[in-house]
Amino acid sequence: MRPLKICMVTTFYPPANFGGDGIFVYRLTNALARYGHEVHVVHDVDAFHLLSSRPPQHNFPHPPNVVLHPLEYGKRGEIDLLMVHQLGRPLLKHAALQELLAGEQFDVIHFHNISLLGGPGILRYGNALKLCTLHECWFVCPMHVLWRFDREPCTRRTCLACTLHGRRPPQLWRYTGQRDRDIAQVDAFIGPSHFVEEIYHRHGFPAPIRYLPYFFPDAEAAAAGEGAAQASAPNEGRPYFLFVGRLEKIKGVQVLIEAFRYFCQADLLIAGAGAYEPELRAMAQGLSHVRFLGLLDHARLRTLYRHAIATLIPSLCYETFGWPTLESFVVSTPVIVPDRGALPEIVRNGGGLVYTDQAELIEAMATLQHSPALRDALGAEGYAGYRTHYSEESHLAQYHRLLGDLGGFN
């Protein structure tokens, strides 16, 4: 395919970023740039500062053909975010976004998490071929994650009551038909799992959704395998299971802490930070084999993934993908996941075990700890699945095929 001029539009982008959606945009941006495309990234720094108590972390390098357009208005930006949340379109940043998206003459505009950047109204901006990846459930859920009353996955729509329970003002635009008018401007919506299509359409999303899973960059995978294999075993050689992610209630670390009250044959290492951390630490009082490691750099995480018995992903909400699965697979480490959301889909062809309750979780951990051969076989299956379904080469081939089908690019 000839080189294109592509724009990524997202609320969060590393290092001003929280979760896996921003990391994916960063990885896709660099992969497309390495291929030869000119890639621009528009993102909202004000949103990160409003929601974060810490400065941006770590360094995220780019090829020279990547151009960043961070939007930052300071105190005025905080006011803008509130109005955007209520009205569903860009306001104070309207002129800057209009100039960027319409004036730069892009071939492709790829929207991602646009919740605080003027979504869904921003979908009307620009005249390029438009894609939109559905990283979470924001288009069908004002709380983003289909998590009802901060206690359970959503099984019936109680959006207004749930929003008020979450101490957020109701979004007026969700009751006007604006969403459906704005999404009509998009040429293709993309889901990183088949589960995304299922859950979106179950909740009334009217547009078709193309399946295009996440990927792990080839260079990072090579570094992960080489560096982790050379590093000495962490945790002073004691066997351990690993959790990596944000310490929020919906991520389910409390489920692991409760399980490790009864499972003492190995340690639980928890890598990450978040608002729920004080409560989690209180729950783990007296459990010397449960350890909180805080935020770690990629090199340290790679070593931890490689030497873990398995990675535990106990999410209580509907995950639309689950990054720790790939980060485990690239170093041939299996995962243990709940039977919920997209996680079982990712291990359907091997690479892990699925549980439905605490007893099955403990049984899965004991099985892998006491059966090294099974642990290694599942890890090998995970690595094979990564190479087949989640490699950079596979993703770019499907991405370019989609651009060719929709826009006639070749």
# chains A, B, ... in the order shown; residues from 1 in each chain; ligands from 1
call {"tool": "closest_atom_pairs", "arguments": {"of": "region 30-81 of chain A", "to": "region 389-392 of chain A", "cutoff": "12 Å", "atoms": "only C-alpha atoms", "output": "Markdown table"}}
result
| residue | atom | partner | partner_atom | distance |
| --- | --- | --- | --- | --- |
| A:Asn30 | CA | A:Glu392 | CA | 10.7 |
| A:Ala31 | CA | A:Glu392 | CA | 7.4 |
| A:Leu32 | CA | A:Glu392 | CA | 9.9 |
| A:Arg34 | CA | A:Glu392 | CA | 11.1 |
| A:Tyr35 | CA | A:Glu392 | CA | 10.8 |
call {"tool": "residues_around", "arguments": {"residues": "Val140 (chain A)", "least_positions_apart": "5", "cutoff": "12 Å", "atoms": "only C-alpha atoms", "output": "list in words"}}
result
Ser115, Pro120, Leu134, Val145, Leu146, Trp147, Cys154, Arg157, Thr158, Cys159, Arg174, Tyr175, Arg179, Asp180, Val196, Glu197, Ile199, Tyr200, His201, Arg202, His203, Gly204, Phe205, Pro206 and Ala207 of chain A
call {"tool": "write_last_selection", "arguments": {"atoms": "C-alpha atoms", "output": "mmCIF file, in the first residue's frame"}}
result
data_model
loop_
_atom_site.group_PDB
_atom_site.id
_atom_site.type_symbol
_atom_site.label_atom_id
_atom_site.label_comp_id
_atom_site.auth_asym_id
_atom_site.auth_seq_id
_atom_site.Cartn_x
_atom_site.Cartn_y
_atom_site.Cartn_z
ATOM 1 C CA SER A 115 -15.311 10.404 25.422
ATOM 2 C CA PRO A 120 -19.744 11.639 19.620
ATOM 3 C CA LEU A 134 -14.435 0.423 20.252
ATOM 4 C CA VAL A 145 -17.742 -0.317 31.291
ATOM 5 C CA LEU A 146 -21.281 -1.725 31.755
ATOM 6 C CA TRP A 147 -20.712 -2.041 35.517
ATOM 7 C CA CYS A 154 -24.760 -4.787 33.605
ATOM 8 C CA ARG A 157 -30.375 -1.036 31.369
ATOM 9 C CA THR A 158 -30.724 1.318 34.339
ATOM 10 C CA CYS A 159 -28.487 4.032 32.899
ATOM 11 C CA ARG A 174 -27.676 10.487 25.169
ATOM 12 C CA TYR A 175 -31.424 11.204 25.219
ATOM 13 C CA ARG A 179 -25.337 9.334 18.999
ATOM 14 C CA ASP A 180 -26.956 7.551 16.079
ATOM 15 C CA VAL A 196 -17.467 -6.387 21.543
ATOM 16 C CA GLU A 197 -19.815 -6.908 18.613
ATOM 17 C CA ILE A 199 -22.343 -6.791 23.710
ATOM 18 C CA TYR A 200 -22.723 -3.622 21.603
ATOM 19 C CA HIS A 201 -25.534 -5.018 19.511
ATOM 20 C CA ARG A 202 -27.186 -6.485 22.608
ATOM 21 C CA HIS A 203 -27.359 -2.911 23.924
ATOM 22 C CA GLY A 204 -28.820 -1.423 20.759
ATOM 23 C CA PHE A 205 -25.797 -0.155 18.817
ATOM 24 C CA PRO A 206 -27.050 0.221 15.227
ATOM 25 C CA ALA A 207 -23.830 0.110 13.177
#
call {"tool": "residues_around", "arguments": {"residues": "region 255-268 of chain A", "least_positions_apart": "6", "cutoff": "10 Å", "atoms": "only C-alpha atoms", "output": "VMD selection string"}}
result
chain A and resid 235 238 to 243 249 280 to 281 283 to 292 308 to 309 311 to 316 357 to 359 361 to 363 365 to 366 369 to 370
call {"tool": "write_last_selection", "arguments": {"atoms": "N, CA and C atoms", "output": "mmCIF file, in the first residue's frame"}}
result
data_model
loop_
_atom_site.group_PDB
_atom_site.id
_atom_site.type_symbol
_atom_site.label_atom_id
_atom_site.label_comp_id
_atom_site.auth_asym_id
_atom_site.auth_seq_id
_atom_site.Cartn_x
_atom_site.Cartn_y
_atom_site.Cartn_z
ATOM 1 N N ASN A 235 11.524 -12.418 42.734
ATOM 2 C CA ASN A 235 10.836 -12.849 43.949
ATOM 3 C C ASN A 235 11.688 -13.805 44.776
ATOM 4 N N ARG A 238 11.110 -17.628 44.842
ATOM 5 C CA ARG A 238 9.870 -18.255 45.314
ATOM 6 C C ARG A 238 8.848 -18.283 44.173
ATOM 7 N N PRO A 239 8.049 -19.344 44.076
ATOM 8 C CA PRO A 239 7.026 -19.406 43.017
ATOM 9 C C PRO A 239 5.955 -18.345 43.249
ATOM 10 N N TYR A 240 5.423 -17.816 42.152
ATOM 11 C CA TYR A 240 4.431 -16.748 42.295
ATOM 12 C C TYR A 240 3.490 -16.721 41.101
ATOM 13 N N PHE A 241 2.305 -16.155 41.355
ATOM 14 C CA PHE A 241 1.358 -15.773 40.309
ATOM 15 C C PHE A 241 1.385 -14.253 40.214
ATOM 16 N N LEU A 242 0.983 -13.725 39.062
ATOM 17 C CA LEU A 242 1.160 -12.294 38.784
ATOM 18 C C LEU A 242 -0.152 -11.646 38.368
ATOM 19 N N PHE A 243 -0.402 -10.478 38.921
ATOM 20 C CA PHE A 243 -1.457 -9.586 38.413
ATOM 21 C C PHE A 243 -0.791 -8.307 37.949
ATOM 22 N N LYS A 249 -11.690 -1.279 41.496
ATOM 23 C CA LYS A 249 -12.584 -2.322 41.971
ATOM 24 C C LYS A 249 -12.969 -3.296 40.872
ATOM 25 N N LEU A 280 -7.396 -2.388 48.957
ATOM 26 C CA LEU A 280 -6.784 -3.683 48.674
ATOM 27 C C LEU A 280 -5.676 -3.994 49.679
ATOM 28 N N ARG A 281 -4.882 -3.004 49.994
ATOM 29 C CA ARG A 281 -3.809 -3.229 50.982
ATOM 30 C C ARG A 281 -4.394 -3.591 52.345
ATOM 31 N N MET A 283 -7.224 -5.152 52.828
ATOM 32 C CA MET A 283 -7.699 -6.530 52.726
ATOM 33 C C MET A 283 -6.551 -7.539 52.864
ATOM 34 N N ALA A 284 -5.365 -7.168 52.398
ATOM 35 C CA ALA A 284 -4.231 -8.094 52.379
ATOM 36 C C ALA A 284 -3.420 -8.078 53.666
ATOM 37 N N GLN A 285 -3.852 -7.298 54.661
ATOM 38 C CA GLN A 285 -3.140 -7.279 55.931
ATOM 39 C C GLN A 285 -3.038 -8.690 56.514
ATOM 40 N N GLY A 286 -1.818 -9.056 56.920
ATOM 41 C CA GLY A 286 -1.595 -10.370 57.498
ATOM 42 C C GLY A 286 -1.279 -11.455 56.492
ATOM 43 N N LEU A 287 -1.375 -11.147 55.202
ATOM 44 C CA LEU A 287 -1.052 -12.128 54.155
ATOM 45 C C LEU A 287 0.349 -11.813 53.634
ATOM 46 N N SER A 288 1.356 -12.401 54.227
ATOM 47 C CA SER A 288 2.739 -12.064 53.876
ATOM 48 C C SER A 288 3.116 -12.514 52.478
ATOM 49 N N HIS A 289 2.343 -13.419 51.898
ATOM 50 C CA HIS A 289 2.659 -13.908 50.553
ATOM 51 C C HIS A 289 1.924 -13.110 49.466
ATOM 52 N N VAL A 290 1.252 -12.021 49.847
ATOM 53 C CA VAL A 290 0.635 -11.094 48.888
ATOM 54 C C VAL A 290 1.440 -9.801 48.921
ATOM 55 N N ARG A 291 2.012 -9.425 47.787
ATOM 56 C CA ARG A 291 2.936 -8.277 47.757
ATOM 57 C C ARG A 291 2.514 -7.279 46.692
ATOM 58 N N PHE A 292 2.514 -6.000 47.048
ATOM 59 C CA PHE A 292 2.215 -4.903 46.133
ATOM 60 C C PHE A 292 3.532 -4.306 45.629
ATOM 61 N N ALA A 308 6.523 -16.039 36.012
ATOM 62 C CA ALA A 308 5.310 -16.358 36.765
ATOM 63 C C ALA A 308 4.806 -17.751 36.413
ATOM 64 N N ILE A 309 4.184 -18.409 37.387
ATOM 65 C CA ILE A 309 3.493 -19.665 37.067
ATOM 66 C C ILE A 309 2.398 -19.367 36.055
ATOM 67 N N THR A 311 -0.286 -15.702 34.745
ATOM 68 C CA THR A 311 -0.831 -14.370 34.985
ATOM 69 C C THR A 311 -2.311 -14.509 35.306
ATOM 70 N N LEU A 312 -2.734 -13.845 36.371
ATOM 71 C CA LEU A 312 -4.130 -13.892 36.796
ATOM 72 C C LEU A 312 -4.834 -12.623 36.343
ATOM 73 N N ILE A 313 -5.993 -12.769 35.677
ATOM 74 C CA ILE A 313 -6.752 -11.619 35.184
ATOM 75 C C ILE A 313 -8.183 -11.764 35.702
ATOM 76 N N PRO A 314 -8.449 -11.293 36.922
ATOM 77 C CA PRO A 314 -9.719 -11.602 37.602
ATOM 78 C C PRO A 314 -10.828 -10.578 37.387
ATOM 79 N N SER A 315 -10.831 -9.890 36.266
ATOM 80 C CA SER A 315 -11.755 -8.771 36.048
ATOM 81 C C SER A 315 -13.203 -9.149 36.350
ATOM 82 N N LEU A 316 -13.882 -8.254 37.060
ATOM 83 C CA LEU A 316 -15.293 -8.436 37.370
ATOM 84 C C LEU A 316 -16.192 -7.853 36.291
ATOM 85 N N ASP A 357 -15.689 -19.651 39.520
ATOM 86 C CA ASP A 357 -15.846 -19.254 40.916
ATOM 87 C C ASP A 357 -14.513 -19.420 41.631
ATOM 88 N N GLN A 358 -14.501 -19.076 42.922
ATOM 89 C CA GLN A 358 -13.250 -19.106 43.672
ATOM 90 C C GLN A 358 -12.650 -20.506 43.737
ATOM 91 N N ALA A 359 -13.483 -21.512 43.913
ATOM 92 C CA ALA A 359 -12.972 -22.884 43.989
ATOM 93 C C ALA A 359 -12.250 -23.273 42.702
ATOM 94 N N LEU A 361 -10.884 -21.166 40.551
ATOM 95 C CA LEU A 361 -9.671 -20.359 40.473
ATOM 96 C C LEU A 361 -8.543 -21.019 41.257
ATOM 97 N N ILE A 362 -8.812 -21.418 42.493
ATOM 98 C CA ILE A 362 -7.790 -22.055 43.323
ATOM 99 C C ILE A 362 -7.344 -23.371 42.699
ATOM 100 N N GLU A 363 -8.297 -24.140 42.164
ATOM 101 C CA GLU A 363 -7.950 -25.398 41.505
ATOM 102 C C GLU A 363 -7.045 -25.168 40.300
ATOM 103 N N MET A 365 -4.968 -22.631 39.803
ATOM 104 C CA MET A 365 -3.634 -22.239 40.263
ATOM 105 C C MET A 365 -2.857 -23.453 40.758
ATOM 106 N N ALA A 366 -3.505 -24.306 41.547
ATOM 107 C CA ALA A 366 -2.833 -25.505 42.055
ATOM 108 C C ALA A 366 -2.421 -26.432 40.919
ATOM 109 N N GLN A 369 0.669 -24.980 39.157
ATOM 110 C CA GLN A 369 1.866 -25.005 39.994
ATOM 111 C C GLN A 369 2.427 -26.418 40.117
ATOM 112 N N HIS A 370 1.550 -27.403 40.214
ATOM 113 C CA HIS A 370 2.004 -28.764 40.437
ATOM 114 C C HIS A 370 2.169 -29.564 39.153
#
call {"tool": "select_by_dssp", "arguments": {"residues": "region 162-248 of chain A", "states": "helix (DSSP H, G or I)", "output": "PyMOL selection string"}}
result
chain A and resi 162-165+172-175+178-183+194-202+218-230+235-237
call {"tool": "residues_around", "arguments": {"residues": "Leu82 (chain A)", "least_positions_apart": "5", "cutoff": "9 Å", "atoms": "only C-alpha atoms", "output": "ChimeraX atom specification"}}
result
/A:77,87,116
call {"tool": "closest_residue", "arguments": {"among": "A:Cys162, A:Gln57, A:Ala221, A:Leu301", "to": "Leu269 (chain A)", "atoms": "only C-alpha atoms"}}
result
A:Leu301
